[in-house]
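**Q** Dropping in my_file-v4.cif, which is mmCIF, C-alpha atoms:
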data_coords
loop_
_atom_site.label_atom_id
_atom_site.label_comp_id
_atom_site.auth_asym_id
_atom_site.auth_seq_id
_atom_site.Cartn_x
_atom_site.Cartn_y
_atom_site.Cartn_z
CA SER I 1 4.11 -32.63 60.90
CA PHE I 2 2.67 -34.65 63.74
CA ALA I 3 4.45 -32.23 66.08
CA TYR I 4 2.41 -29.34 64.69
CA PHE I 5 -0.91 -31.07 65.37
CA THR I 6 0.26 -32.00 68.85
CA ILE I 7 1.03 -28.39 69.75
CA LYS I 8 -2.01 -26.99 67.96
CA ASP I 9 -4.65 -29.46 69.17
CA ARG I 10 -3.48 -31.93 71.79
CA LEU I 11 -1.60 -29.67 74.19
CA PRO I 12 -4.42 -27.09 74.53
CA GLN I 13 -6.82 -30.01 75.14
CA ILE I 14 -4.57 -31.31 77.90
CA LEU I 15 -4.41 -27.85 79.50
CA THR I 16 -8.19 -27.52 79.30
CA ARG I 17 -8.57 -30.85 81.07
CA VAL I 18 -6.13 -29.80 83.78
CA ILE I 19 -8.08 -26.56 84.38
CA ASP I 20 -11.31 -28.55 84.46
CA THR I 21 -9.83 -31.04 86.96
CA LEU I 22 -8.81 -28.24 89.33
CA HIS I 23 -12.24 -26.67 88.99
CA ARG I 24 -13.99 -29.93 89.85
CA HIS I 25 -11.90 -30.34 93.01
CA LYS I 26 -12.77 -26.87 94.32
CA ASN I 27 -15.03 -28.22 97.11
CA GLU I 28 -12.43 -30.74 98.15
CA PHE I 29 -9.81 -27.97 98.39
CA PHE I 30 -12.25 -25.93 100.47
CA GLU I 31 -13.00 -28.84 102.82
CA GLU I 32 -9.32 -29.58 103.32
CA HIS I 33 -7.83 -26.10 103.42
CA GLY I 34 -10.72 -23.62 103.74
CA GLU I 35 -10.56 -20.31 101.85
CA LYS I 36 -6.80 -20.73 101.33
CA GLY I 37 -7.46 -23.83 99.21
CA VAL I 38 -10.03 -22.03 97.04
CA GLU I 39 -7.74 -19.02 96.57
CA ALA I 40 -4.87 -21.33 95.55
CA GLU I 41 -7.14 -23.10 93.07
CA LYS I 42 -8.17 -19.77 91.50
CA ARG I 43 -4.55 -18.65 91.19
CA ALA I 44 -3.48 -21.97 89.63
CA ILE I 45 -6.33 -21.81 87.11
CA SER I 46 -5.48 -18.25 86.18
CA PHE I 47 -1.81 -19.24 85.68
CA LEU I 48 -2.86 -22.19 83.47
CA SER I 49 -5.34 -20.14 81.42
CA LYS I 50 -2.58 -17.64 80.73
CA LEU I 51 -0.30 -20.53 79.74
CA ARG I 52 -2.92 -21.89 77.33
CA ASN I 53 -3.29 -18.46 75.77
CA GLU I 54 0.51 -18.11 75.33
CA LEU I 55 0.59 -21.50 73.61
CA GLN I 56 -2.34 -20.84 71.27
CA THR I 57 -1.06 -17.41 70.22
CA ASP I 58 2.55 -18.58 69.69
CA LYS I 59 4.08 -16.32 72.34
CA PRO I 60 7.82 -16.57 73.12
CA MET I 61 8.87 -19.09 75.78
CA THR I 62 9.50 -17.28 79.06
CA PRO I 63 12.04 -18.18 81.73
CA LEU I 64 10.73 -20.05 84.76
CA GLU I 65 10.24 -17.77 87.74
CA ASP I 66 9.91 -20.39 90.46
CA GLU I 67 12.50 -21.43 93.01
CA LEU I 68 12.29 -25.16 92.29
CA PRO I 69 15.64 -27.01 92.13
CA ASP I 70 15.53 -27.52 88.35
CA ALA I 71 14.58 -23.94 87.38
CA ALA I 72 18.15 -22.84 86.65
CA LEU I 73 18.71 -25.80 84.30
CA TRP I 74 15.48 -25.02 82.44
CA ASN I 75 16.44 -21.38 82.04
CA GLN I 76 19.90 -22.32 80.78
CA TYR I 77 18.20 -24.59 78.25
CA LEU I 78 16.04 -21.69 77.09
CA ASP I 79 19.22 -19.64 76.56
CA TYR I 80 20.63 -22.53 74.55
CA GLN I 81 17.48 -22.48 72.35
CA ARG I 82 17.85 -18.71 71.92
CA ASN I 83 21.42 -19.17 70.73
CA LEU I 84 20.30 -21.81 68.25
CA SER I 85 17.92 -19.35 66.63
CA ASN I 86 20.89 -17.08 65.68
CA GLY I 87 18.96 -13.92 66.42
CA ASN I 88 15.92 -15.05 64.40
CA GLY I 89 13.58 -13.96 67.17
CA GLU I 90 12.77 -15.58 70.48
CA PRO I 91 11.98 -19.32 70.68
CA SER I 92 8.18 -19.55 70.68
CA TRP I 93 5.62 -22.32 71.00
CA PHE I 94 5.33 -23.06 67.28
CA GLN I 95 8.91 -22.16 66.34
CA SER I 96 10.83 -24.45 68.69
CA PRO I 97 11.68 -28.15 68.87
CA TRP I 98 8.61 -30.22 69.70
CA LEU I 99 10.31 -32.17 72.50
CA TYR I 100 11.33 -28.96 74.26
CA VAL I 101 7.92 -27.30 73.91
CA GLU I 102 6.05 -30.34 75.18
CA CYS I 103 8.34 -30.83 78.19
CA TYR I 104 8.17 -27.09 78.90
CA MET I 105 4.36 -27.21 79.06
CA TYR I 106 4.37 -30.02 81.64
CA ARG I 107 6.97 -28.19 83.70
CA ARG I 108 4.80 -25.04 83.65
CA ILE I 109 1.76 -27.09 84.73
CA HIS I 110 3.84 -28.29 87.66
CA ALA I 111 4.82 -24.69 88.49
CA ALA I 112 1.14 -23.64 88.51
CA LEU I 113 0.59 -25.96 91.48
CA ALA I 114 4.00 -25.75 93.12
CA HIS I 115 3.55 -21.95 93.34
CA ASN I 116 0.23 -22.30 95.08
CA PRO I 117 0.29 -24.01 98.45
CA PRO I 118 -1.71 -25.56 100.10
CA ILE I 119 -2.65 -27.43 96.89
CA ASP I 120 0.97 -27.72 95.74
CA ASN I 121 1.05 -31.52 96.08
CA PHE I 122 -2.10 -32.12 94.06
CA ASP I 123 -1.45 -34.33 90.99
CA VAL I 124 -3.74 -33.00 88.24
CA PHE I 125 -3.29 -36.24 86.27
CA LYS I 126 -3.96 -38.67 89.11
CA GLU I 127 -7.63 -39.31 88.25
CA GLY I 128 -6.78 -40.46 84.74
CA LYS I 129 -4.05 -42.79 85.97
CA VAL I 130 -6.37 -44.30 88.60
CA GLN I 131 -9.13 -44.74 86.03
CA ASN I 132 -6.73 -46.45 83.62
CA PHE I 133 -5.74 -48.90 86.36
CA PHE I 134 -9.33 -49.80 87.26
CA GLU I 135 -10.50 -50.01 83.65
CA SER I 136 -7.65 -52.45 82.98
CA GLN I 137 -8.65 -54.73 85.87
CA GLU I 138 -9.31 -57.80 83.73
CA ALA I 139 -5.96 -57.52 82.00
CA VAL I 140 -4.22 -56.95 85.35
CA ILE I 141 -5.90 -60.05 86.81
CA ALA I 142 -4.95 -62.11 83.74
CA LEU I 143 -1.34 -61.00 84.01
CA CYS I 144 -1.01 -61.53 87.79
CA THR I 145 -2.65 -64.96 87.44
CA TYR I 146 -0.31 -65.91 84.61
CA LEU I 147 2.74 -64.86 86.64
CA GLN I 148 1.69 -66.71 89.80
CA GLU I 149 0.89 -69.90 87.84
CA LEU I 150 4.23 -69.61 86.07
CA LEU I 151 6.11 -69.22 89.36
CA LYS I 152 4.70 -72.51 90.71
CA ASN I 153 6.95 -74.50 88.39
CA ILE I 154 9.58 -71.96 87.39
CA LYS I 155 12.31 -74.19 88.89
CA ASP I 156 11.44 -76.95 86.42
CA LEU I 157 11.72 -74.79 83.30
CA ASP I 158 14.68 -75.52 81.05
CA GLU I 159 16.62 -72.75 79.35
CA ARG I 160 14.50 -72.75 76.21
CA GLN I 161 11.26 -72.51 78.21
CA LEU I 162 12.67 -69.69 80.33
CA GLN I 163 13.61 -67.85 77.16
CA GLU I 164 10.08 -68.31 75.79
CA GLU I 165 8.54 -66.90 78.96
CA LEU I 166 10.93 -63.95 79.00
CA PHE I 167 10.03 -63.13 75.38
CA LYS I 168 6.31 -63.30 76.21
CA LEU I 169 6.63 -60.91 79.15
CA LEU I 170 8.86 -58.54 77.17
CA GLN I 171 6.12 -58.35 74.54
CA VAL I 172 3.44 -57.74 77.17
CA SER I 173 5.57 -54.91 78.55
CA LEU I 174 6.11 -53.58 75.01
CA TRP I 175 2.42 -53.55 74.07
CA GLY I 176 1.48 -52.31 77.54
CA ASN I 177 2.95 -49.08 76.25
CA LYS I 178 -0.14 -48.56 74.08
CA CYS I 179 -1.97 -47.36 77.22
CA ASP I 180 -0.70 -43.80 77.02
CA LEU I 181 -2.89 -40.91 78.15
CA SER I 182 -0.81 -38.01 76.82
CA PHE I 183 -1.19 -39.57 73.37
CA SER I 184 -4.98 -39.45 73.62
CA ALA I 185 -4.95 -36.03 75.35
CA GLY I 186 -6.18 -37.73 78.51
CA GLU I 187 -9.01 -39.74 76.93
CA GLY I 188 -9.20 -43.25 78.36
CA ARG I 189 -6.84 -45.82 76.83
CA SER I 190 -7.04 -48.90 79.00
CA GLN I 191 -6.08 -52.49 78.36
CA LYS I 192 -9.42 -54.31 78.43
CA SER I 193 -8.57 -57.92 77.54
CA SER I 194 -5.80 -60.32 78.49
CA PRO I 195 -2.66 -59.11 76.71
CA LEU I 196 -1.29 -62.65 76.53
CA GLN I 197 -3.95 -63.85 74.08
CA SER I 198 -2.93 -61.58 71.24
CA LEU I 199 0.89 -61.80 71.31
CA GLU I 200 1.09 -64.19 68.35
CA ASN I 201 -0.98 -61.83 66.15
CA MET I 202 1.09 -58.80 67.19
CA MET I 203 4.43 -60.39 66.28
CA PRO I 204 4.47 -59.04 62.67
CA TYR I 205 4.13 -55.49 64.01
CA ILE I 206 7.44 -55.60 65.90
CA LEU I 207 9.65 -53.81 63.37
CA VAL I 208 12.94 -54.41 65.18
CA ASN I 209 13.08 -57.47 67.40
CA ASP I 210 16.29 -57.80 69.41
CA MET I 211 14.89 -60.09 72.11
CA GLU I 212 17.50 -62.77 71.31
CA LYS I 213 20.24 -60.25 72.08
CA LEU I 214 18.68 -59.44 75.46
CA TRP I 215 18.50 -63.14 76.26
CA SER I 216 22.15 -63.82 75.45
CA LEU I 217 23.22 -60.71 77.36
CA LEU I 218 21.39 -61.86 80.52
CA VAL I 219 22.51 -65.50 80.24
CA ASN I 220 26.13 -64.48 79.70
CA ALA I 221 26.01 -61.97 82.56
CA LYS I 222 24.90 -64.81 84.82
CA LYS I 223 27.64 -67.16 83.56
CA ARG I 224 30.36 -64.54 83.84
CA ASN I 225 29.15 -63.66 87.30
CA THR I 226 31.92 -65.46 89.17
CA GLU I 227 33.07 -62.56 91.35
CA LYS I 228 29.63 -62.53 93.04
CA LYS I 229 28.61 -59.14 91.70
CA ASN I 230 24.86 -58.80 91.38
CA VAL I 231 23.35 -58.82 87.90
CA ARG I 232 21.29 -55.65 87.74
CA VAL I 233 18.60 -54.52 85.31
CA ASP I 234 17.21 -50.97 85.31
CA ILE I 235 13.75 -50.18 83.94
CA ILE I 236 13.19 -46.55 83.01
CA LEU I 237 9.43 -46.43 83.43
CA ASP I 238 6.81 -44.82 81.25
CA ASN I 239 3.06 -44.94 82.04
CA ALA I 240 1.32 -45.81 85.28
CA GLY I 241 -1.74 -48.07 85.21
CA PHE I 242 -1.66 -51.26 83.16
CA GLU I 243 1.76 -50.58 81.63
CA LEU I 244 3.36 -50.26 85.06
CA VAL I 245 1.85 -53.60 86.13
CA SER I 246 3.28 -55.23 82.98
CA ASP I 247 6.72 -53.82 83.89
CA LEU I 248 6.46 -55.11 87.47
CA VAL I 249 5.49 -58.57 86.23
CA LEU I 250 8.51 -58.60 83.92
CA ALA I 251 10.76 -57.44 86.79
CA ASP I 252 9.45 -60.13 89.13
CA PHE I 253 9.99 -62.81 86.50
CA LEU I 254 13.59 -61.64 85.94
CA LEU I 255 14.28 -62.04 89.68
CA LEU I 256 12.48 -65.34 90.25
CA SER I 257 13.95 -66.96 87.14
CA LYS I 258 17.32 -66.00 88.65
CA LEU I 259 18.27 -64.22 85.41
CA VAL I 260 18.96 -61.11 87.51
CA ASP I 261 19.58 -60.32 91.19
CA GLU I 262 18.18 -56.81 91.45
CA VAL I 263 15.89 -54.51 89.47
CA HIS I 264 16.02 -50.73 89.72
CA PHE I 265 13.03 -48.66 88.59
CA HIS I 266 13.27 -45.04 87.50
CA GLY I 267 10.14 -42.87 87.65
CA LYS I 268 9.33 -39.18 87.32
CA SER I 269 9.77 -36.78 90.21
CA ILE I 270 6.77 -34.63 89.16
CA PRO I 271 3.49 -35.40 87.33
CA TRP I 272 4.54 -35.68 83.68
CA TYR I 273 3.08 -36.37 80.22
CA VAL I 274 -0.35 -37.07 81.76
CA SER I 275 0.17 -40.73 82.63
CA ASP I 276 3.86 -41.12 83.52
CA THR I 277 4.67 -42.99 86.73
CA THR I 278 5.63 -41.03 89.86
CA LYS I 279 6.68 -42.50 93.20
CA HIS I 280 3.15 -41.96 94.47
CA ASP I 281 1.71 -43.93 91.50
CA PHE I 282 4.22 -46.71 92.09
CA ASN I 283 3.33 -47.09 95.77
CA TRP I 284 -0.40 -46.63 95.11
CA THR I 285 -0.32 -49.47 92.56
CA LEU I 286 1.30 -51.87 95.03
CA LYS I 287 -1.26 -50.91 97.70
CA GLN I 288 -4.16 -51.44 95.26
CA LEU I 289 -2.87 -54.86 94.29
CA GLN I 290 -2.35 -55.89 97.92
CA SER I 291 -5.88 -54.95 98.91
CA ALA I 292 -7.53 -56.44 95.80
CA ASN I 293 -10.06 -59.16 96.51
CA HIS I 294 -8.41 -61.36 93.91
CA MET I 295 -5.97 -63.90 95.29
CA TRP I 296 -3.25 -63.57 92.64
CA MET I 297 -3.46 -59.79 92.43
CA SER I 298 -3.00 -59.43 96.17
CA ARG I 299 -0.24 -62.07 96.15
CA CYS I 300 1.63 -59.97 93.56
CA GLY I 301 1.15 -56.79 95.61
CA ILE I 302 2.42 -58.45 98.80
CA ASN I 303 5.42 -60.07 97.08
CA TRP I 304 6.37 -56.85 95.34
CA GLU I 305 6.20 -54.83 98.55
CA GLY I 306 8.51 -57.55 99.94
CA ASN I 307 10.94 -57.08 97.03
CA LEU I 308 11.24 -53.39 97.92
CA LYS I 309 11.75 -54.15 101.62
CA LYS I 310 14.44 -56.74 100.82
CA GLY I 311 16.17 -54.26 98.53
CA VAL I 312 16.07 -56.51 95.45
CA TRP I 313 13.78 -53.88 93.93
CA VAL I 314 14.82 -50.23 94.23
CA TYR I 315 12.77 -47.22 93.14
CA HIS I 316 14.53 -43.98 92.15
CA ASP I 317 13.45 -40.66 90.79
CA HIS I 318 15.80 -38.03 89.45
CA MET I 319 14.92 -34.62 88.11
CA PHE I 320 16.86 -35.30 84.90
CA TRP I 321 13.95 -37.42 83.59
CA THR I 322 11.73 -34.32 83.62
CA LEU I 323 14.17 -31.95 81.95
CA PRO I 324 13.97 -31.15 78.21
CA HIS I 325 17.45 -32.55 77.50
CA ASP I 326 18.23 -35.50 75.22
CA PHE I 327 19.87 -38.39 77.01
CA SER I 328 23.10 -37.68 75.13
CA SER I 329 23.63 -34.75 77.52
CA MET I 330 22.99 -36.80 80.69
CA ALA I 331 26.69 -37.37 81.45
CA GLU I 332 27.18 -33.60 81.50
CA VAL I 333 23.87 -32.43 83.06
CA ALA I 334 23.33 -35.28 85.55
CA PRO I 335 26.69 -37.06 86.04
CA ASP I 336 25.39 -38.73 89.23
CA LEU I 337 22.54 -40.42 87.34
CA TYR I 338 24.83 -41.43 84.47
CA ALA I 339 27.29 -43.00 86.93
CA ASP I 340 24.44 -44.91 88.60
CA LEU I 341 23.22 -46.29 85.25
CA GLN I 342 26.77 -47.42 84.47
CA LYS I 343 26.42 -49.96 87.31
CA SER I 344 23.65 -51.73 85.41
CA ASN I 345 23.98 -54.80 83.18
CA LEU I 346 20.98 -53.75 81.08
CA LEU I 347 18.84 -50.61 80.80
CA LEU I 348 15.27 -51.07 79.55
CA PHE I 349 13.79 -47.79 78.32
CA LYS I 350 10.01 -47.91 78.17
CA GLY I 351 7.91 -45.95 75.75
CA ASP I 352 7.89 -43.25 73.15
CA LEU I 353 9.16 -40.23 75.10
CA ASN I 354 12.24 -42.15 76.24
CA TYR I 355 12.83 -43.18 72.61
CA ARG I 356 12.59 -39.57 71.46
CA LYS I 357 15.12 -38.57 74.11
CA LEU I 358 17.42 -41.48 73.26
CA THR I 359 17.51 -40.49 69.57
CA GLY I 360 17.41 -36.70 70.04
CA ASP I 361 13.88 -36.62 68.51
CA ARG I 362 15.24 -35.94 65.03
CA LYS I 363 13.83 -36.62 61.59
CA TRP I 364 16.30 -39.44 60.95
CA GLU I 365 16.49 -41.59 57.86
CA TYR I 366 14.85 -44.86 58.90
CA ASN I 367 17.95 -46.97 58.30
CA VAL I 368 20.36 -44.85 60.37
CA PRO I 369 21.82 -47.28 62.96
CA PHE I 370 20.31 -46.99 66.45
CA HIS I 371 23.85 -46.81 67.85
CA GLN I 372 24.55 -43.69 65.78
CA ALA I 373 21.30 -41.97 66.77
CA LEU I 374 22.16 -42.46 70.46
CA ASN I 375 24.91 -39.88 69.96
CA ARG I 376 27.42 -41.36 72.43
CA PHE I 377 24.84 -42.15 75.13
CA HIS I 378 26.23 -45.51 76.32
CA PRO I 379 26.19 -45.89 80.10
CA ALA I 380 25.41 -49.63 79.76
CA PRO I 381 23.85 -52.03 77.24
CA LEU I 382 20.36 -50.66 76.59
CA CYS I 383 17.12 -51.61 74.95
CA SER I 384 14.07 -49.58 73.98
CA LEU I 385 10.64 -51.20 74.37
CA ARG I 386 8.46 -48.77 72.49
CA THR I 387 5.23 -48.59 70.54
CA LEU I 388 5.51 -45.92 67.84
CA LYS I 389 3.55 -42.76 68.62
CA SER I 390 5.75 -40.04 67.13
CA ASP I 391 7.58 -39.55 63.87
CA THR I 392 11.10 -40.62 64.68
CA GLN I 393 12.41 -44.12 64.03
CA VAL I 394 15.88 -45.50 63.32
CA GLY I 395 17.56 -48.86 62.85
CA LEU I 396 15.18 -50.26 60.23
CA LYS I 397 16.27 -52.39 57.29
CA PRO I 398 16.73 -50.51 54.00
CA GLY I 399 13.29 -49.88 52.46
CA GLN I 400 11.38 -51.23 55.48
CA GLY I 401 9.95 -47.88 56.61
CA GLU I 402 9.16 -46.73 53.07
CA GLN I 403 7.34 -49.96 52.35
CA ILE I 404 5.01 -49.62 55.37
CA GLU I 405 4.51 -45.92 54.66
CA ALA I 406 3.25 -46.66 51.16
CA SER I 407 0.19 -48.46 52.54
CA GLU I 408 -0.05 -46.81 56.00
CA PRO I 409 0.89 -43.13 56.02
CA GLU I 410 0.11 -42.92 59.77
CA TRP I 411 2.28 -45.92 60.75
CA MET I 412 4.66 -43.91 62.93
CA ILE I 413 2.00 -42.37 65.14
CA SER I 414 -0.77 -44.97 65.33
CA GLY I 415 0.67 -47.04 68.20
CA LYS I 416 0.17 -50.14 66.05
CA TYR I 417 3.88 -50.88 65.53
CA GLY I 418 6.56 -51.50 68.14
CA VAL I 419 10.30 -52.08 68.52
CA VAL I 420 12.47 -54.04 70.92
CA GLN I 421 15.66 -52.27 69.92
CA PHE I 422 18.99 -53.11 71.55
CA ASP I 423 22.37 -51.43 71.63
CA ALA I 424 25.42 -52.88 73.38
CA ALA I 425 27.42 -50.26 75.25
CA LEU I 426 30.89 -49.44 74.01
#
Now, as a test, write the supplied structure out as structure tokens.

**A**
Amino acid sequence: SFAYFTIKDRLPQILTRVIDTLHRHKNEFFEEHGEKGVEAEKRAISFLSKLRNELQTDKPMTPLEDELPDAALWNQYLDYQRNLSNGNGEPSWFQSPWLYVECYMYRRIHAALAHNPPIDNFDVFKEGKVQNFFESQEAVIALCTYLQELLKNIKDLDERQLQEELFKLLQVSLWGNKCDLSFSAGEGRSQKSSPLQSLENMMPYILVNDMEKLWSLLVNAKKRNTEKKNVRVDIILDNAGFELVSDLVLADFLLLSKLVDEVHFHGKSIPWYVSDTTKHDFNWTLKQLQSANHMWMSRCGINWEGNLKKGVWVYHDHMFWTLPHDFSSMAEVAPDLYADLQKSNLLLFKGDLNYRKLTGDRKWEYNVPFHQALNRFHPAPLCSLRTLKSDTQVGLKPGQGEQIEASEPEWMISGKYGVVQFDAAL
């Protein structure tokens, strides 16, 4: 399976890169923290080398030994995996669910640094995220320019034109998800050209397209909104870099078109899956845009900072997003987060990892309804914007998946296909 190759090849590559990154920053650690910094770097590298060896030799998963707030939940989850194996030995790297193993590796990488002050706040993936942002400059400029030009006459757009623009920006946000560094084991995957040029050609590759449903949901929420409650959309973020900019552009359009009143963003509380967005990445991106020597880029950065100050944009992180649990257990494991999401009119889940967690990362039949795969996870109407990079997919028409598979065996992992897949809450 694709999972096997991920664990066998991609994860050790990612660990090797992390070790290499720490090694290259040795002088910086010394300059900032003296001998203590160098000692911490050595200890972190030794911890990570041991981790890589455990992975490659299929050792059992071990409980977390750190004092971080989520450690108890991780260790309970390991017990749960042990119980699933019905005494058939300990859960190990190659004998456990892929989603769990992958999440566990990133959590252990975090522990390697968290255990070792004074370098405990160092993000081993930051360089790659920064590089992705700068390599995608042209696409970022094109997108910021498009948005600012659009805003000049947004008041004159009729309903059909607004709908057209929303659909365009949803597609840009969908295909922005191709820029995923965990998928390429940290190799560069930037968006070089303007994403708006190619939307027409990409249309046939959207296997499930529920954009019309999103539109009617937002329009009806506005019309029903008589008791002056704000219409709220939540975006559960995926990658930093170009994808994040595409999400921010979509969010700004939703506000300025008056389709929604507030947008809440949800990022990761620790560095995760190489390129996932943390609070630091979010703030760094706004700062970069503000200080860019391109008029429309800096205008976006300044306006977006303003949105946060005014409270019409809100950024959250919650440790649940970096636990190994499917979303179907959110209500039980993180009732506070579930209750917060229930206040939303629409949840937009970005990317492949969120899709795997929405559907429990199972080997579903392709035509199983999305609603069924969500396994009672229904805090609010939700939609997945996802390019396919792992072998789970539901909600297709009968025969649709099989037909593509016949000519493209790699269709589920190539990142060539995408879905805009909606489910109304109960």

**Q** So that I can see what lies close to stretch 117-130 of chain I, please list as a PDB file with C-alpha atoms, in the frame of the given file the residues with an atom at most 8 Å from it, counting only C-alpha atoms and leaving out residues fewer than 6 positions away in the same chain.

**A**
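Output file around.pdb follows:
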ATOM      1  CA  VAL I  18      -6.130 -29.800  83.780  1.00  0.00           C
ATOM      2  CA  THR I  21      -9.830 -31.040  86.960  1.00  0.00           C
ATOM      3  CA  LEU I  22      -8.810 -28.240  89.330  1.00  0.00           C
ATOM      4  CA  PHE I  29      -9.810 -27.970  98.390  1.00  0.00           C
ATOM      5  CA  HIS I  33      -7.830 -26.100 103.420  1.00  0.00           C
ATOM      6  CA  LYS I  36      -6.800 -20.730 101.330  1.00  0.00           C
ATOM      7  CA  GLY I  37      -7.460 -23.830  99.210  1.00  0.00           C
ATOM      8  CA  ALA I  40      -4.870 -21.330  95.550  1.00  0.00           C
ATOM      9  CA  GLU I  41      -7.140 -23.100  93.070  1.00  0.00           C
ATOM     10  CA  LEU I 181      -2.890 -40.910  78.150  1.00  0.00           C
ATOM     11  CA  GLY I 186      -6.180 -37.730  78.510  1.00  0.00           C
ATOM     12  CA  GLY I 188      -9.200 -43.250  78.360  1.00  0.00           C
ATOM     13  CA  ALA I 240       1.320 -45.810  85.280  1.00  0.00           C
ATOM     14  CA  GLY I 241      -1.740 -48.070  85.210  1.00  0.00           C
ATOM     15  CA  PRO I 271       3.490 -35.400  87.330  1.00  0.00           C
ATOM     16  CA  VAL I 274      -0.350 -37.070  81.760  1.00  0.00           C
ATOM     17  CA  SER I 275       0.170 -40.730  82.630  1.00  0.00           C
TER      18      SER I 275
END

**Q** What gap, in Å, lies between atom CA of I:Val172 and atom CA of I:His325?

**A** 28.8 Å

**Q** If I take atom CA of I:Gln290 and atom CA of I:Gln131, how far is one from the other in Å, to one decimal?

**A** 17.7 Å

**Q** I'd like a table as a tab-separated table: residues in stretch 206-318 of chain I with an atom no more than 12 Å from stretch 389-408 of chain I, each row giving the shortest atom pair and its distance in Å to one decimal, only C-alpha atoms counted, sorted by chain and rising residue number.

**A**
residue	atom	partner	partner_atom	distance
I:Ile206	CA	I:Leu396	CA	11.0
I:Leu207	CA	I:Leu396	CA	7.3
I:Val208	CA	I:Leu396	CA	6.8
I:Asn209	CA	I:Leu396	CA	10.4
I:Asp210	CA	I:Gly395	CA	11.2

**Q** For I:Cys103, which of I:Tyr366, I:Ile19, I:Tyr77, I:His294 is the closest residue, counting all atoms listed in the file?

**A**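 Closest residue, counting all atoms listed in the file: I:Tyr77.
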
**Q** Could you write stretch 250-262 of chain I as a short mmCIF file (atom, residue, chain, number, x, y, z; two decimals), keeping the file's coordinate frame, with N, CA and C atoms rebuilt where they are missing?

**A**
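Generated output (result_22.cif):
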data_model
loop_
_atom_site.label_atom_id
_atom_site.label_comp_id
_atom_site.auth_asym_id
_atom_site.auth_seq_id
_atom_site.Cartn_x
_atom_site.Cartn_y
_atom_site.Cartn_z
N LEU I 250 7.25 -58.28 84.58
CA LEU I 250 8.51 -58.60 83.92
C LEU I 250 9.66 -58.60 84.94
N ALA I 251 9.68 -57.58 85.80
CA ALA I 251 10.76 -57.44 86.79
C ALA I 251 10.75 -58.61 87.77
N ASP I 252 9.55 -59.03 88.18
CA ASP I 252 9.45 -60.13 89.13
C ASP I 252 9.93 -61.43 88.48
N PHE I 253 9.55 -61.61 87.22
CA PHE I 253 9.99 -62.81 86.50
C PHE I 253 11.52 -62.84 86.38
N LEU I 254 12.13 -61.70 86.08
CA LEU I 254 13.59 -61.64 85.94
C LEU I 254 14.27 -62.08 87.24
N LEU I 255 13.71 -61.67 88.37
CA LEU I 255 14.28 -62.04 89.68
C LEU I 255 14.08 -63.52 89.95
N LEU I 256 12.82 -63.99 89.80
CA LEU I 256 12.48 -65.34 90.25
C LEU I 256 13.03 -66.41 89.31
N SER I 257 13.32 -66.02 88.07
CA SER I 257 13.95 -66.96 87.14
C SER I 257 15.46 -66.98 87.38
N LYS I 258 15.91 -66.14 88.31
CA LYS I 258 17.32 -66.00 88.65
C LYS I 258 18.17 -65.47 87.48
N LEU I 259 17.51 -64.86 86.50
CA LEU I 259 18.27 -64.22 85.41
C LEU I 259 18.98 -62.98 85.96
N VAL I 260 18.33 -62.29 86.91
CA VAL I 260 18.96 -61.11 87.51
C VAL I 260 18.81 -61.17 89.03
N ASP I 261 19.61 -60.34 89.72
CA ASP I 261 19.58 -60.32 91.19
C ASP I 261 18.88 -59.09 91.74
N GLU I 262 18.86 -58.02 90.96
CA GLU I 262 18.18 -56.81 91.45
C GLU I 262 17.64 -56.01 90.26
#
